[in-house]
Structures are given as C-alpha cells and as structure tokens.
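Visitor: Got a structure here, written out as structure tokens. Questions coming.
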Amino acid sequence: MRVLFSGRAKRDYLSDALTLLSGWTREGEQIRRTLVMDDAQHAALTERVKVVSDALHLRPEISRRADETQICVGHPDDQPLSEGEVLLAARIEDAYRAVTAP
C-alpha cells in the first residue's frame with residue numbers, strides 16, 4: 001500500500017529517507033554521490049542504473065574521473081526532489097554494492 005504525502009510532511013519524509021543513504025550529499029534539489037571503482041565496475045554500474053532509471057523515467061547524471069564515478073540525481077532548476085529520485089539513489093546504492101562485492 002502506498003501512502004501519499006503532501007507539503008511539509010513530504011519534505012520531512014524525503015529528508016528522513018535521505019539520512020538513510022550514507023555517502024549522498026544534498027545540494028539544493030539535487031543529491032550527489034562519489035564512488036570509488038574501476039572501469040569495469042563503472043560500466044556494470046552504469047548498465048544497472050540505466051535499467052532502473054528507465055523504469056522510473058528519471059535521468060541521473062553519471063560521469064567518470066580517474067578512479068571515481070560521480071552521480072547526480074535531481075533537478076538543477078530547483079524542482080523539488082521526488083520519491084522516485086530518492087528511490088533511484090537507494091537502487092544505485094544496491095547496484096554499487098553488487099558490482100563491488102568480492
């Protein structure tokens with residue numbers, strides 16, 4: 001069963017959910033994460049994120065620098081974060097654990 005949140009309650013709910021995502025930082029209406037991984041892990045993560053983001057109709061920004069993958073979820077134009085974007089961040093965490101597991 002899904003519960004609908006509105007106004008301040010929705011913002012509190014999203015803030016609470018974000019506190020459970022360690023490593024993610026909030027900058028305005030975007031959340032960001034930097035992950036240390038090699039090129040093969042980056043490729044695997046990108047494929048997994050694509051599947052989830054397509055299902056949620058979202059487009060995270062994923063970039064690669066040296067041995068780091070940087071991910072940004074949200075809107076640069078101050079649209080509020082949605083439940084879907086926080087869910088995507090959680091799924092990215094799951095994918096990260098899966099591709100970096102020994």
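Just so we're on the same page: first chain in the structure tokens is A, next is B, and so on; residues restart at 1 for each chain, and ligands are numbered from 1 in the order they show up.
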Do you know which residues are at most 12 Å from A:Arg91 counting only C-alpha atoms, after dropping those on the same chain fewer than 2 positions away, and could you put them as an MDAnalysis selection string?

Guide: chainID A and resid 21 45:46 48:53 55:56 73 84:89 93:98

Visitor: Mind checking DSSP for chain A and telling me the strand (DSSP E) residues as a ChimeraX atom specification?

Guide: /A:25-27,30-36,61-65,68-74

Visitor: Excluding A:Asp38 and residues on its chain fewer than 2 positions from it, collect all residues at most 6 Å away from it, counting only C-alpha atoms, and give them as a compact mmCIF listing (two decimals) with N, CA, C and O atoms, in the first residue's frame.

Guide:
```txt
# COMPACT_ATOMS: atom_id res chain seq x y z
N ALA A 40 35.68 -1.37 -15.17
CA ALA A 40 34.73 -2.48 -15.38
C ALA A 40 33.54 -2.34 -14.43
O ALA A 40 32.39 -2.55 -14.83
N GLN A 41 33.81 -1.98 -13.19
CA GLN A 41 32.73 -1.78 -12.22
C GLN A 41 31.86 -0.60 -12.63
O GLN A 41 30.64 -0.65 -12.50
N ASP A 67 39.64 7.33 -10.97
CA ASP A 67 39.09 6.09 -10.42
C ASP A 67 37.77 6.35 -9.68
O ASP A 67 37.38 5.56 -8.83
```

Visitor: Can you work out which one of A:Ala90, A:Asp54, A:Thr100, A:Glu83 has the shortest atom-to-atom distance to A:Ser22, counting only C-alpha atoms?

Guide: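 Of A:Ala90, A:Asp54, A:Thr100, A:Glu83, the one nearest A:Ser22 is A:Ala90, counting only C-alpha atoms.
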
Visitor: Find the distance between atom CA of A:Thr19 and atom CA of A:Ala44 and write it in Å to one decimal.

Guide: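 Going from atom CA of A:Thr19 over to atom CA of A:Ala44 covers 26.1 Å.
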
Visitor: Go through chain A and collect every residue that DSSP, computed from the backbone, puts in alpha helix (DSSP H); the answer should be as a PyMOL selection string.

Guide: chain A and resi 7-19+39-56+83-100

Visitor: Which is closest to A:His75 among A:Gly23, A:Gln30, A:Leu35, A:Leu14, if we use only C-alpha atoms?

Guide: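 Closest residue, counting only C-alpha atoms: A:Gln30.
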